[in-house]
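Okay, model.cif is below, mmCIF, N, CA, C and O atoms:
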```
data_query
#
loop_
_atom_site.label_atom_id
_atom_site.label_comp_id
_atom_site.auth_asym_id
_atom_site.auth_seq_id
_atom_site.Cartn_x
_atom_site.Cartn_y
_atom_site.Cartn_z
N MET M 382 14.59 -16.25 -13.14
CA MET M 382 15.61 -15.95 -12.18
C MET M 382 15.56 -17.04 -11.10
O MET M 382 14.51 -17.34 -10.56
N ASN M 383 16.71 -17.61 -10.80
CA ASN M 383 16.75 -18.59 -9.72
C ASN M 383 17.21 -17.90 -8.43
O ASN M 383 17.55 -16.72 -8.42
N ILE M 384 17.23 -18.65 -7.35
CA ILE M 384 17.54 -18.07 -6.03
C ILE M 384 18.96 -17.52 -5.96
O ILE M 384 19.21 -16.48 -5.36
N GLU M 385 19.91 -18.19 -6.61
CA GLU M 385 21.29 -17.71 -6.59
C GLU M 385 21.41 -16.37 -7.33
O GLU M 385 22.08 -15.44 -6.86
N THR M 386 20.74 -16.27 -8.45
CA THR M 386 20.76 -15.03 -9.22
C THR M 386 20.09 -13.91 -8.43
O THR M 386 20.57 -12.78 -8.42
N PHE M 387 19.01 -14.24 -7.76
CA PHE M 387 18.29 -13.24 -6.97
C PHE M 387 19.21 -12.62 -5.92
O PHE M 387 19.27 -11.40 -5.78
N PHE M 388 19.95 -13.43 -5.21
CA PHE M 388 20.79 -12.92 -4.13
C PHE M 388 22.09 -12.28 -4.61
O PHE M 388 22.81 -11.69 -3.82
N ARG M 389 22.37 -12.35 -5.90
CA ARG M 389 23.53 -11.65 -6.45
C ARG M 389 23.17 -10.23 -6.90
O ARG M 389 24.02 -9.49 -7.35
N GLN M 390 21.90 -9.88 -6.78
CA GLN M 390 21.46 -8.54 -7.17
C GLN M 390 22.00 -7.50 -6.19
O GLN M 390 22.23 -7.79 -5.02
N THR M 391 22.16 -6.28 -6.69
CA THR M 391 22.57 -5.19 -5.81
C THR M 391 21.39 -4.76 -4.95
O THR M 391 20.23 -5.13 -5.23
N LYS M 392 21.66 -3.97 -3.95
CA LYS M 392 20.59 -3.48 -3.08
C LYS M 392 19.56 -2.71 -3.91
O LYS M 392 18.35 -2.91 -3.74
N ASP M 393 20.00 -1.83 -4.79
CA ASP M 393 19.07 -1.05 -5.61
C ASP M 393 18.23 -1.95 -6.52
O ASP M 393 17.04 -1.71 -6.71
N GLU M 394 18.82 -2.98 -7.06
CA GLU M 394 18.07 -3.91 -7.91
C GLU M 394 17.02 -4.66 -7.10
O GLU M 394 15.90 -4.87 -7.57
N LEU M 395 17.36 -5.04 -5.88
CA LEU M 395 16.40 -5.73 -5.02
C LEU M 395 15.25 -4.80 -4.62
O LEU M 395 14.09 -5.19 -4.61
N VAL M 396 15.58 -3.55 -4.31
CA VAL M 396 14.54 -2.57 -3.96
C VAL M 396 13.62 -2.35 -5.15
O VAL M 396 12.40 -2.33 -5.00
N ASP M 397 14.19 -2.19 -6.34
CA ASP M 397 13.37 -2.01 -7.54
C ASP M 397 12.47 -3.23 -7.77
O ASP M 397 11.30 -3.09 -8.15
N PHE M 398 13.01 -4.40 -7.54
CA PHE M 398 12.23 -5.64 -7.69
C PHE M 398 11.04 -5.65 -6.73
O PHE M 398 9.91 -5.95 -7.12
N LEU M 399 11.28 -5.30 -5.48
CA LEU M 399 10.21 -5.28 -4.49
C LEU M 399 9.17 -4.21 -4.80
O LEU M 399 7.97 -4.46 -4.68
N TRP M 400 9.60 -3.04 -5.23
CA TRP M 400 8.67 -1.97 -5.58
C TRP M 400 7.82 -2.34 -6.79
O TRP M 400 6.73 -1.80 -6.98
N ALA M 401 8.32 -3.24 -7.62
CA ALA M 401 7.56 -3.66 -8.81
C ALA M 401 6.40 -4.59 -8.45
O ALA M 401 5.53 -4.83 -9.28
N MET M 402 6.39 -5.11 -7.24
CA MET M 402 5.27 -5.94 -6.78
C MET M 402 4.29 -5.03 -6.04
O MET M 402 4.61 -4.51 -4.97
N PRO M 403 3.12 -4.78 -6.62
CA PRO M 403 2.20 -3.80 -6.03
C PRO M 403 1.85 -4.04 -4.57
O PRO M 403 1.75 -3.10 -3.80
N SER M 404 1.67 -5.28 -4.17
CA SER M 404 1.29 -5.53 -2.78
C SER M 404 2.42 -5.13 -1.82
O SER M 404 2.16 -4.60 -0.74
N VAL M 405 3.64 -5.33 -2.23
CA VAL M 405 4.78 -4.93 -1.40
C VAL M 405 4.91 -3.40 -1.41
O VAL M 405 5.19 -2.79 -0.37
N ALA M 406 4.67 -2.78 -2.55
CA ALA M 406 4.74 -1.32 -2.64
C ALA M 406 3.75 -0.66 -1.69
O ALA M 406 4.08 0.32 -1.02
N VAL M 407 2.55 -1.21 -1.59
CA VAL M 407 1.54 -0.66 -0.68
C VAL M 407 1.99 -0.85 0.76
O VAL M 407 1.91 0.07 1.58
N GLN M 408 2.50 -2.03 1.09
CA GLN M 408 2.99 -2.27 2.46
C GLN M 408 4.10 -1.30 2.83
O GLN M 408 4.08 -0.71 3.90
N ILE M 409 5.06 -1.12 1.93
CA ILE M 409 6.18 -0.21 2.20
C ILE M 409 5.67 1.21 2.39
O ILE M 409 6.07 1.91 3.33
N ALA M 410 4.79 1.65 1.51
CA ALA M 410 4.26 3.01 1.60
C ALA M 410 3.52 3.24 2.92
O ALA M 410 3.72 4.26 3.58
N LEU M 411 2.68 2.29 3.31
CA LEU M 411 1.93 2.45 4.56
C LEU M 411 2.84 2.39 5.78
O LEU M 411 2.66 3.13 6.74
N ARG M 412 3.83 1.53 5.74
CA ARG M 412 4.78 1.46 6.86
C ARG M 412 5.58 2.75 6.99
O ARG M 412 5.83 3.24 8.09
N ARG M 413 5.99 3.31 5.85
CA ARG M 413 6.73 4.58 5.88
C ARG M 413 5.87 5.70 6.45
O ARG M 413 6.34 6.50 7.26
N GLN M 414 4.62 5.76 6.02
CA GLN M 414 3.72 6.80 6.54
C GLN M 414 3.49 6.62 8.04
O GLN M 414 3.47 7.59 8.78
N SER M 415 3.34 5.40 8.48
CA SER M 415 3.14 5.14 9.91
C SER M 415 4.37 5.49 10.72
O SER M 415 4.27 5.99 11.84
N ALA M 416 5.53 5.22 10.17
CA ALA M 416 6.78 5.52 10.88
C ALA M 416 6.97 7.02 11.09
O ALA M 416 7.64 7.44 12.03
N LYS M 417 6.39 7.82 10.23
CA LYS M 417 6.50 9.28 10.36
C LYS M 417 5.75 9.79 11.59
O LYS M 417 6.03 10.87 12.08
N ASN M 418 4.79 9.02 12.06
CA ASN M 418 4.02 9.39 13.24
C ASN M 418 4.49 8.52 14.41
O ASN M 418 3.85 7.54 14.77
N ALA M 419 5.60 8.91 14.99
CA ALA M 419 6.25 8.10 16.02
C ALA M 419 5.45 8.03 17.32
O ALA M 419 5.69 7.15 18.15
N THR M 420 4.50 8.92 17.51
CA THR M 420 3.73 8.93 18.76
C THR M 420 2.56 7.96 18.73
O THR M 420 1.97 7.67 19.76
N ARG M 421 2.23 7.46 17.56
CA ARG M 421 1.08 6.55 17.44
C ARG M 421 1.52 5.11 17.66
O ARG M 421 2.44 4.62 17.04
N ASP M 422 0.82 4.43 18.56
CA ASP M 422 1.09 3.02 18.81
C ASP M 422 0.35 2.15 17.80
O ASP M 422 -0.77 2.45 17.41
N TRP M 423 1.00 1.05 17.39
CA TRP M 423 0.38 0.10 16.47
C TRP M 423 -0.51 -0.84 17.26
O TRP M 423 -0.17 -1.26 18.36
N SER M 424 -1.64 -1.18 16.68
CA SER M 424 -2.54 -2.16 17.29
C SER M 424 -2.61 -3.40 16.40
O SER M 424 -2.11 -3.40 15.27
N THR M 425 -3.24 -4.42 16.90
CA THR M 425 -3.43 -5.63 16.10
C THR M 425 -4.24 -5.31 14.85
O THR M 425 -3.95 -5.82 13.76
N ASN M 426 -5.24 -4.45 14.99
CA ASN M 426 -6.04 -4.07 13.83
C ASN M 426 -5.23 -3.33 12.78
O ASN M 426 -5.48 -3.47 11.59
N ASP M 427 -4.25 -2.53 13.21
CA ASP M 427 -3.38 -1.84 12.24
C ASP M 427 -2.62 -2.85 11.39
O ASP M 427 -2.48 -2.67 10.18
N ALA M 428 -2.12 -3.89 12.03
CA ALA M 428 -1.39 -4.93 11.29
C ALA M 428 -2.32 -5.65 10.32
O ALA M 428 -1.94 -5.93 9.17
N ARG M 429 -3.53 -5.92 10.75
CA ARG M 429 -4.51 -6.56 9.86
C ARG M 429 -4.88 -5.64 8.70
O ARG M 429 -5.00 -6.08 7.55
N ASP M 430 -5.08 -4.36 9.01
CA ASP M 430 -5.39 -3.39 7.96
C ASP M 430 -4.28 -3.33 6.93
O ASP M 430 -4.54 -3.25 5.72
N LEU M 431 -3.05 -3.37 7.39
CA LEU M 431 -1.90 -3.34 6.48
C LEU M 431 -1.96 -4.52 5.51
O LEU M 431 -1.78 -4.35 4.29
N ASP M 432 -2.25 -5.69 6.02
CA ASP M 432 -2.37 -6.87 5.17
C ASP M 432 -3.52 -6.72 4.18
O ASP M 432 -3.37 -7.02 2.99
N HIS M 433 -4.66 -6.27 4.66
CA HIS M 433 -5.83 -6.13 3.79
C HIS M 433 -5.60 -5.08 2.70
O HIS M 433 -5.94 -5.29 1.55
N HIS M 434 -5.01 -3.95 3.09
CA HIS M 434 -4.75 -2.89 2.11
C HIS M 434 -3.73 -3.34 1.06
O HIS M 434 -3.86 -2.98 -0.11
N SER M 435 -2.74 -4.10 1.48
CA SER M 435 -1.72 -4.52 0.52
C SER M 435 -2.28 -5.47 -0.52
O SER M 435 -1.72 -5.59 -1.61
N LEU M 436 -3.39 -6.12 -0.21
CA LEU M 436 -4.02 -7.02 -1.19
C LEU M 436 -5.16 -6.36 -1.94
O LEU M 436 -5.38 -6.65 -3.12
N SER M 437 -5.90 -5.47 -1.31
CA SER M 437 -7.05 -4.87 -1.99
C SER M 437 -6.67 -3.68 -2.87
O SER M 437 -7.13 -3.58 -4.00
N VAL M 438 -5.82 -2.81 -2.38
CA VAL M 438 -5.51 -1.58 -3.12
C VAL M 438 -4.88 -1.85 -4.48
O VAL M 438 -5.31 -1.25 -5.48
N PRO M 439 -3.91 -2.74 -4.61
CA PRO M 439 -3.32 -2.95 -5.93
C PRO M 439 -4.23 -3.66 -6.93
O PRO M 439 -4.06 -3.51 -8.13
N TYR M 440 -5.21 -4.42 -6.45
CA TYR M 440 -5.95 -5.29 -7.35
C TYR M 440 -7.44 -4.96 -7.49
O TYR M 440 -8.15 -5.66 -8.19
N CYS M 441 -7.89 -3.91 -6.81
CA CYS M 441 -9.29 -3.49 -6.92
C CYS M 441 -9.35 -2.12 -7.59
O CYS M 441 -8.42 -1.32 -7.48
N ASP M 442 -10.45 -1.85 -8.25
CA ASP M 442 -10.64 -0.54 -8.87
C ASP M 442 -10.92 0.53 -7.83
O ASP M 442 -10.55 1.70 -8.00
N ALA M 443 -11.59 0.15 -6.74
CA ALA M 443 -11.94 1.08 -5.68
C ALA M 443 -11.89 0.37 -4.33
O ALA M 443 -12.19 -0.82 -4.25
N VAL M 444 -11.51 1.12 -3.30
CA VAL M 444 -11.42 0.58 -1.95
C VAL M 444 -12.07 1.56 -0.98
O VAL M 444 -11.80 2.77 -1.05
N LEU M 445 -12.91 1.06 -0.09
CA LEU M 445 -13.53 1.85 0.97
C LEU M 445 -12.82 1.49 2.26
O LEU M 445 -12.80 0.32 2.65
N THR M 446 -12.24 2.47 2.92
CA THR M 446 -11.46 2.21 4.13
C THR M 446 -11.61 3.39 5.08
O THR M 446 -12.41 4.30 4.84
N ASP M 447 -10.83 3.44 6.14
CA ASP M 447 -10.93 4.54 7.09
C ASP M 447 -10.11 5.75 6.64
O ASP M 447 -9.27 5.66 5.75
N ARG M 448 -10.38 6.89 7.27
CA ARG M 448 -9.74 8.16 6.89
C ARG M 448 -8.22 8.08 7.05
O ARG M 448 -7.48 8.60 6.22
N ALA M 449 -7.74 7.43 8.10
CA ALA M 449 -6.28 7.34 8.32
C ALA M 449 -5.59 6.63 7.16
O ALA M 449 -4.54 7.06 6.68
N ALA M 450 -6.20 5.55 6.68
CA ALA M 450 -5.62 4.81 5.56
C ALA M 450 -5.68 5.62 4.28
O ALA M 450 -4.74 5.64 3.49
N VAL M 451 -6.80 6.30 4.05
CA VAL M 451 -6.93 7.16 2.87
C VAL M 451 -5.84 8.21 2.89
O VAL M 451 -5.17 8.45 1.87
N ASP M 452 -5.63 8.85 4.03
CA ASP M 452 -4.60 9.89 4.14
C ASP M 452 -3.20 9.32 3.89
O ASP M 452 -2.42 9.90 3.13
N ALA M 453 -2.89 8.19 4.51
CA ALA M 453 -1.56 7.59 4.35
C ALA M 453 -1.33 7.16 2.91
O ALA M 453 -0.25 7.42 2.34
N LEU M 454 -2.30 6.53 2.31
CA LEU M 454 -2.16 6.09 0.92
C LEU M 454 -2.05 7.28 -0.03
O LEU M 454 -1.26 7.27 -0.97
N SER M 455 -2.81 8.32 0.24
CA SER M 455 -2.77 9.51 -0.61
C SER M 455 -1.43 10.24 -0.50
O SER M 455 -0.88 10.68 -1.51
N ARG M 456 -0.91 10.36 0.73
CA ARG M 456 0.41 11.00 0.90
C ARG M 456 1.50 10.25 0.15
O ARG M 456 2.44 10.84 -0.36
N ALA M 457 1.35 8.93 0.07
CA ALA M 457 2.33 8.11 -0.65
C ALA M 457 2.04 8.04 -2.15
O ALA M 457 2.77 7.38 -2.89
N LYS M 458 0.96 8.71 -2.58
CA LYS M 458 0.56 8.75 -3.99
C LYS M 458 0.24 7.36 -4.57
O LYS M 458 0.37 7.10 -5.75
N ILE M 459 -0.19 6.46 -3.70
CA ILE M 459 -0.53 5.10 -4.12
C ILE M 459 -1.75 5.08 -5.05
O ILE M 459 -1.73 4.36 -6.05
N PRO M 460 -2.81 5.84 -4.76
CA PRO M 460 -3.95 5.80 -5.69
C PRO M 460 -3.57 6.15 -7.14
O PRO M 460 -4.03 5.51 -8.07
N GLU M 461 -2.71 7.15 -7.29
CA GLU M 461 -2.28 7.55 -8.63
C GLU M 461 -1.38 6.50 -9.26
O GLU M 461 -1.51 6.18 -10.44
N LYS M 462 -0.46 5.97 -8.48
CA LYS M 462 0.49 4.99 -9.01
C LYS M 462 -0.20 3.71 -9.46
O LYS M 462 0.19 3.10 -10.44
N LEU M 463 -1.24 3.30 -8.72
CA LEU M 463 -1.90 2.03 -9.02
C LEU M 463 -3.26 2.22 -9.70
O LEU M 463 -3.93 1.24 -10.00
N ASP M 464 -3.64 3.47 -9.92
CA ASP M 464 -4.92 3.79 -10.56
C ASP M 464 -6.08 3.14 -9.81
O ASP M 464 -6.94 2.47 -10.38
N THR M 465 -6.07 3.33 -8.49
CA THR M 465 -7.12 2.81 -7.61
C THR M 465 -7.80 3.97 -6.91
O THR M 465 -7.12 4.84 -6.36
N ALA M 466 -9.11 3.99 -6.92
CA ALA M 466 -9.86 5.00 -6.19
C ALA M 466 -9.98 4.57 -4.73
O ALA M 466 -10.34 3.43 -4.45
N ILE M 467 -9.65 5.48 -3.82
CA ILE M 467 -9.67 5.17 -2.39
C ILE M 467 -10.66 6.12 -1.73
O ILE M 467 -10.56 7.33 -1.89
N PHE M 468 -11.59 5.58 -0.95
CA PHE M 468 -12.63 6.39 -0.32
C PHE M 468 -12.73 6.09 1.17
O PHE M 468 -12.51 4.97 1.60
N ALA M 469 -13.13 7.12 1.93
CA ALA M 469 -13.35 6.95 3.37
C ALA M 469 -14.84 6.97 3.72
O ALA M 469 -15.20 6.60 4.83
N HIS M 470 -15.68 7.40 2.78
CA HIS M 470 -17.12 7.48 3.05
C HIS M 470 -17.89 6.70 1.99
O HIS M 470 -17.60 6.81 0.80
N PRO M 471 -18.87 5.93 2.41
CA PRO M 471 -19.67 5.17 1.44
C PRO M 471 -20.30 6.05 0.37
O PRO M 471 -20.43 5.64 -0.78
N SER M 472 -20.69 7.28 0.72
CA SER M 472 -21.31 8.17 -0.28
C SER M 472 -20.34 8.50 -1.40
O SER M 472 -20.75 8.65 -2.56
N GLU M 473 -19.04 8.61 -1.08
CA GLU M 473 -18.04 8.87 -2.13
C GLU M 473 -17.94 7.69 -3.09
O GLU M 473 -17.86 7.87 -4.30
N LEU M 474 -17.96 6.50 -2.52
CA LEU M 474 -17.91 5.30 -3.35
C LEU M 474 -19.16 5.18 -4.21
O LEU M 474 -19.08 4.88 -5.40
N THR M 475 -20.32 5.47 -3.62
CA THR M 475 -21.58 5.40 -4.37
C THR M 475 -21.56 6.38 -5.54
O THR M 475 -21.96 6.04 -6.65
N GLU M 476 -21.08 7.58 -5.28
CA GLU M 476 -20.99 8.58 -6.36
C GLU M 476 -20.02 8.12 -7.45
O GLU M 476 -20.31 8.22 -8.64
N TRP M 477 -18.89 7.57 -7.04
CA TRP M 477 -17.90 7.06 -8.01
C TRP M 477 -18.49 5.94 -8.85
O TRP M 477 -18.28 5.89 -10.05
N LEU M 478 -19.24 5.06 -8.22
CA LEU M 478 -19.85 3.94 -8.94
C LEU M 478 -20.92 4.40 -9.93
O LEU M 478 -21.13 3.77 -10.96
N SER M 479 -21.59 5.51 -9.63
CA SER M 479 -22.66 5.99 -10.52
C SER M 479 -22.12 6.74 -11.74
O SER M 479 -22.85 6.94 -12.70
N ASP M 480 -20.83 7.10 -11.71
CA ASP M 480 -20.24 7.80 -12.87
C ASP M 480 -19.93 6.89 -14.00
O ASP M 480 -19.81 5.79 -14.04
#
```

What does the file become when written as structure tokens?
Amino acid sequence: MNIETFFRQTKDELVDFLWAMPSVAVQIALRRQSAKNATRDWSTNDARDLDHHSLSVPYCDAVLTDRAAVDALSRAKIPEKLDTAIFAHPSELTEWLSD
């Protein structure tokens, strides 16, 4: 696909294309979950976490992160969609690794 063909796509085709890229899918899911909590302010670390999660979650078998990220990713069903185990506690990861 060249650039001209890309921009002739419909909105739905472009959305499907973006969702097919796992790193973008994770970013979209996390942004949607964050937008649902309008009272929470974004910090610099939140933006960094978003970047890190969008690269680690789609391409790793397991990810250890904070509870807020686990909750947001789980609500978006990202672990199931990408077959990635997401943990908030090192003991959970250790148990998963021993199985």

Can you list every residue of range 428-456 of chain M that has an atom at most 8 Å from range 398-411 of chain M, with its nearest atom pair and the distance in Å to one decimal, using all atoms listed in the file, ordered by chain then number, as CSV?
```
residue,atom,partner,partner_atom,distance
M:Leu431,O,M:Gln408,CA,5.5
M:Asp432,O,M:Ser404,O,7.1
M:His434,O,M:Val407,CA,5.9
M:Ser435,O,M:Ser404,CA,3.2
M:Leu436,N,M:Ser404,CA,5.4
M:Ser437,N,M:Ser404,CA,7.3
M:Val438,C,M:Pro403,O,6.8
M:Pro439,CA,M:Pro403,C,5.5
M:Tyr440,N,M:Ser404,N,7.3
M:Ala450,O,M:Leu411,CA,7.5
M:Ala453,O,M:Ala410,O,5.2
M:Leu454,N,M:Leu411,CA,6.3
M:Arg456,C,M:Ala410,O,7.3
```

Applied to the shown file, which residues does the PyMOL selection byres ((chain M and resi 466) around 4.5) return, written as a tab-separated table (two decimals) with N, CA, C and O atoms, in the frame of the given file?
```
chain	number	residue	atom	x	y	z
M	442	ASP	N	-10.45	-1.85	-8.25
M	442	ASP	CA	-10.64	-0.54	-8.87
M	442	ASP	C	-10.92	0.53	-7.83
M	442	ASP	O	-10.55	1.70	-8.00
M	443	ALA	N	-11.59	0.15	-6.74
M	443	ALA	CA	-11.94	1.08	-5.68
M	443	ALA	C	-11.89	0.37	-4.33
M	443	ALA	O	-12.19	-0.82	-4.25
M	444	VAL	N	-11.51	1.12	-3.30
M	444	VAL	CA	-11.42	0.58	-1.95
M	444	VAL	C	-12.07	1.56	-0.98
M	444	VAL	O	-11.80	2.77	-1.05
M	464	ASP	N	-3.64	3.47	-9.92
M	464	ASP	CA	-4.92	3.79	-10.56
M	464	ASP	C	-6.08	3.14	-9.81
M	464	ASP	O	-6.94	2.47	-10.38
M	465	THR	N	-6.07	3.33	-8.49
M	465	THR	CA	-7.12	2.81	-7.61
M	465	THR	C	-7.80	3.97	-6.91
M	465	THR	O	-7.12	4.84	-6.36
M	467	ILE	N	-9.65	5.48	-3.82
M	467	ILE	CA	-9.67	5.17	-2.39
M	467	ILE	C	-10.66	6.12	-1.73
M	467	ILE	O	-10.56	7.33	-1.89
M	468	PHE	N	-11.59	5.58	-0.95
M	468	PHE	CA	-12.63	6.39	-0.32
M	468	PHE	C	-12.73	6.09	1.17
M	468	PHE	O	-12.51	4.97	1.60
```

### Task
Identify all residues of chain M in strand (DSSP E) (DSSP on the backbone) and supply them as JSON, numbers by chain.
{"M": [443, 444, 445, 466, 467, 468]}

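The spacing separating CA of Asp427 in chain M from atom N of Ala457 in chain M amounts to 16.9 Å.
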
Once the PyMOL selection byres (((chain M and resi 446 and name CA) around 6) and name CA) has been applied to the shown file, what residues remain in the selection, as a PDB file with N, CA, C and O atoms, in the frame of the given file?
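Result written to part_21.pdb:
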```
ATOM      1  N   LEU M 445     -12.910   1.060  -0.090  1.00  0.00           N
ATOM      2  CA  LEU M 445     -13.530   1.850   0.970  1.00  0.00           C
ATOM      3  C   LEU M 445     -12.820   1.490   2.260  1.00  0.00           C
ATOM      4  O   LEU M 445     -12.800   0.320   2.650  1.00  0.00           O
ATOM      5  N   ASP M 447     -10.830   3.440   6.140  1.00  0.00           N
ATOM      6  CA  ASP M 447     -10.930   4.540   7.090  1.00  0.00           C
ATOM      7  C   ASP M 447     -10.110   5.750   6.640  1.00  0.00           C
ATOM      8  O   ASP M 447      -9.270   5.660   5.750  1.00  0.00           O
ATOM      9  N   ALA M 469     -13.130   7.120   1.930  1.00  0.00           N
ATOM     10  CA  ALA M 469     -13.350   6.950   3.370  1.00  0.00           C
ATOM     11  C   ALA M 469     -14.840   6.970   3.720  1.00  0.00           C
ATOM     12  O   ALA M 469     -15.200   6.600   4.830  1.00  0.00           O
TER      13      ALA M 469
END
```

### Query
What is the atom C of Gln414 in chain M-atom N of Ser455 in chain M distance in Å, reported with one decimal?
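Atom C of Gln414 in chain M sits 10.2 Å away from atom N of Ser455 in chain M.
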
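One finds CA of Ser415 in chain M at 11.1 Å from CA of Ala428 in chain M.
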
Where atoms are absent from range 467-475 of chain M, fill them in so it carries all heavy atoms, then output it as a PDB file, in the coordinates of the input.
```
ATOM      1  N   ILE M 467      -9.650   5.480  -3.820  1.00  0.00           N
ATOM      2  CA  ILE M 467      -9.670   5.170  -2.390  1.00  0.00           C
ATOM      3  C   ILE M 467     -10.660   6.120  -1.730  1.00  0.00           C
ATOM      4  O   ILE M 467     -10.560   7.330  -1.890  1.00  0.00           O
ATOM      5  CB  ILE M 467      -8.281   5.368  -1.750  1.00  0.00           C
ATOM      6  CG1 ILE M 467      -7.195   4.685  -2.544  1.00  0.00           C
ATOM      7  CG2 ILE M 467      -8.288   4.951  -0.289  1.00  0.00           C
ATOM      8  CD1 ILE M 467      -7.108   3.208  -2.365  1.00  0.00           C
ATOM      9  N   PHE M 468     -11.590   5.580  -0.950  1.00  0.00           N
ATOM     10  CA  PHE M 468     -12.630   6.390  -0.320  1.00  0.00           C
ATOM     11  C   PHE M 468     -12.730   6.090   1.170  1.00  0.00           C
ATOM     12  O   PHE M 468     -12.510   4.970   1.600  1.00  0.00           O
ATOM     13  CB  PHE M 468     -13.990   6.117  -0.967  1.00  0.00           C
ATOM     14  CG  PHE M 468     -13.987   6.340  -2.451  1.00  0.00           C
ATOM     15  CD1 PHE M 468     -14.012   5.256  -3.315  1.00  0.00           C
ATOM     16  CD2 PHE M 468     -13.943   7.611  -2.980  1.00  0.00           C
ATOM     17  CE1 PHE M 468     -14.014   5.441  -4.685  1.00  0.00           C
ATOM     18  CE2 PHE M 468     -13.933   7.815  -4.352  1.00  0.00           C
ATOM     19  CZ  PHE M 468     -13.968   6.728  -5.207  1.00  0.00           C
ATOM     20  N   ALA M 469     -13.130   7.120   1.930  1.00  0.00           N
ATOM     21  CA  ALA M 469     -13.350   6.950   3.370  1.00  0.00           C
ATOM     22  C   ALA M 469     -14.840   6.970   3.720  1.00  0.00           C
ATOM     23  O   ALA M 469     -15.200   6.600   4.830  1.00  0.00           O
ATOM     24  CB  ALA M 469     -12.630   8.054   4.142  1.00  0.00           C
ATOM     25  N   HIS M 470     -15.680   7.400   2.780  1.00  0.00           N
ATOM     26  CA  HIS M 470     -17.120   7.480   3.050  1.00  0.00           C
ATOM     27  C   HIS M 470     -17.890   6.700   1.990  1.00  0.00           C
ATOM     28  O   HIS M 470     -17.600   6.810   0.800  1.00  0.00           O
ATOM     29  CB  HIS M 470     -17.572   8.938   3.055  1.00  0.00           C
ATOM     30  CG  HIS M 470     -16.885   9.760   4.095  1.00  0.00           C
ATOM     31  ND1 HIS M 470     -17.162   9.655   5.436  1.00  0.00           N
ATOM     32  CD2 HIS M 470     -15.899  10.687   3.998  1.00  0.00           C
ATOM     33  CE1 HIS M 470     -16.397  10.481   6.114  1.00  0.00           C
ATOM     34  NE2 HIS M 470     -15.611  11.115   5.269  1.00  0.00           N
ATOM     35  N   PRO M 471     -18.870   5.930   2.410  1.00  0.00           N
ATOM     36  CA  PRO M 471     -19.670   5.170   1.440  1.00  0.00           C
ATOM     37  C   PRO M 471     -20.300   6.050   0.370  1.00  0.00           C
ATOM     38  O   PRO M 471     -20.430   5.640  -0.780  1.00  0.00           O
ATOM     39  CB  PRO M 471     -20.744   4.501   2.304  1.00  0.00           C
ATOM     40  CG  PRO M 471     -20.123   4.407   3.655  1.00  0.00           C
ATOM     41  CD  PRO M 471     -19.260   5.633   3.796  1.00  0.00           C
ATOM     42  N   SER M 472     -20.690   7.280   0.720  1.00  0.00           N
ATOM     43  CA  SER M 472     -21.310   8.170  -0.280  1.00  0.00           C
ATOM     44  C   SER M 472     -20.340   8.500  -1.400  1.00  0.00           C
ATOM     45  O   SER M 472     -20.750   8.650  -2.560  1.00  0.00           O
ATOM     46  CB  SER M 472     -21.818   9.449   0.383  1.00  0.00           C
ATOM     47  OG  SER M 472     -20.745  10.152   0.985  1.00  0.00           O
ATOM     48  N   GLU M 473     -19.040   8.610  -1.080  1.00  0.00           N
ATOM     49  CA  GLU M 473     -18.040   8.870  -2.130  1.00  0.00           C
ATOM     50  C   GLU M 473     -17.940   7.690  -3.090  1.00  0.00           C
ATOM     51  O   GLU M 473     -17.860   7.870  -4.300  1.00  0.00           O
ATOM     52  CB  GLU M 473     -16.671   9.132  -1.500  1.00  0.00           C
ATOM     53  CG  GLU M 473     -16.594  10.356  -0.638  1.00  0.00           C
ATOM     54  CD  GLU M 473     -15.299  10.431   0.158  1.00  0.00           C
ATOM     55  OE1 GLU M 473     -14.710   9.370   0.475  1.00  0.00           O
ATOM     56  OE2 GLU M 473     -14.880  11.558   0.457  1.00  0.00           O
ATOM     57  N   LEU M 474     -17.960   6.500  -2.520  1.00  0.00           N
ATOM     58  CA  LEU M 474     -17.910   5.300  -3.350  1.00  0.00           C
ATOM     59  C   LEU M 474     -19.160   5.180  -4.210  1.00  0.00           C
ATOM     60  O   LEU M 474     -19.080   4.880  -5.400  1.00  0.00           O
ATOM     61  CB  LEU M 474     -17.751   4.049  -2.477  1.00  0.00           C
ATOM     62  CG  LEU M 474     -17.779   2.710  -3.206  1.00  0.00           C
ATOM     63  CD1 LEU M 474     -16.664   2.600  -4.234  1.00  0.00           C
ATOM     64  CD2 LEU M 474     -17.718   1.559  -2.212  1.00  0.00           C
ATOM     65  N   THR M 475     -20.320   5.470  -3.620  1.00  0.00           N
ATOM     66  CA  THR M 475     -21.580   5.400  -4.370  1.00  0.00           C
ATOM     67  C   THR M 475     -21.560   6.380  -5.540  1.00  0.00           C
ATOM     68  O   THR M 475     -21.960   6.040  -6.650  1.00  0.00           O
ATOM     69  CB  THR M 475     -22.780   5.708  -3.433  1.00  0.00           C
ATOM     70  OG1 THR M 475     -22.757   4.785  -2.357  1.00  0.00           O
ATOM     71  CG2 THR M 475     -24.085   5.622  -4.167  1.00  0.00           C
TER      72      THR M 475
END
```
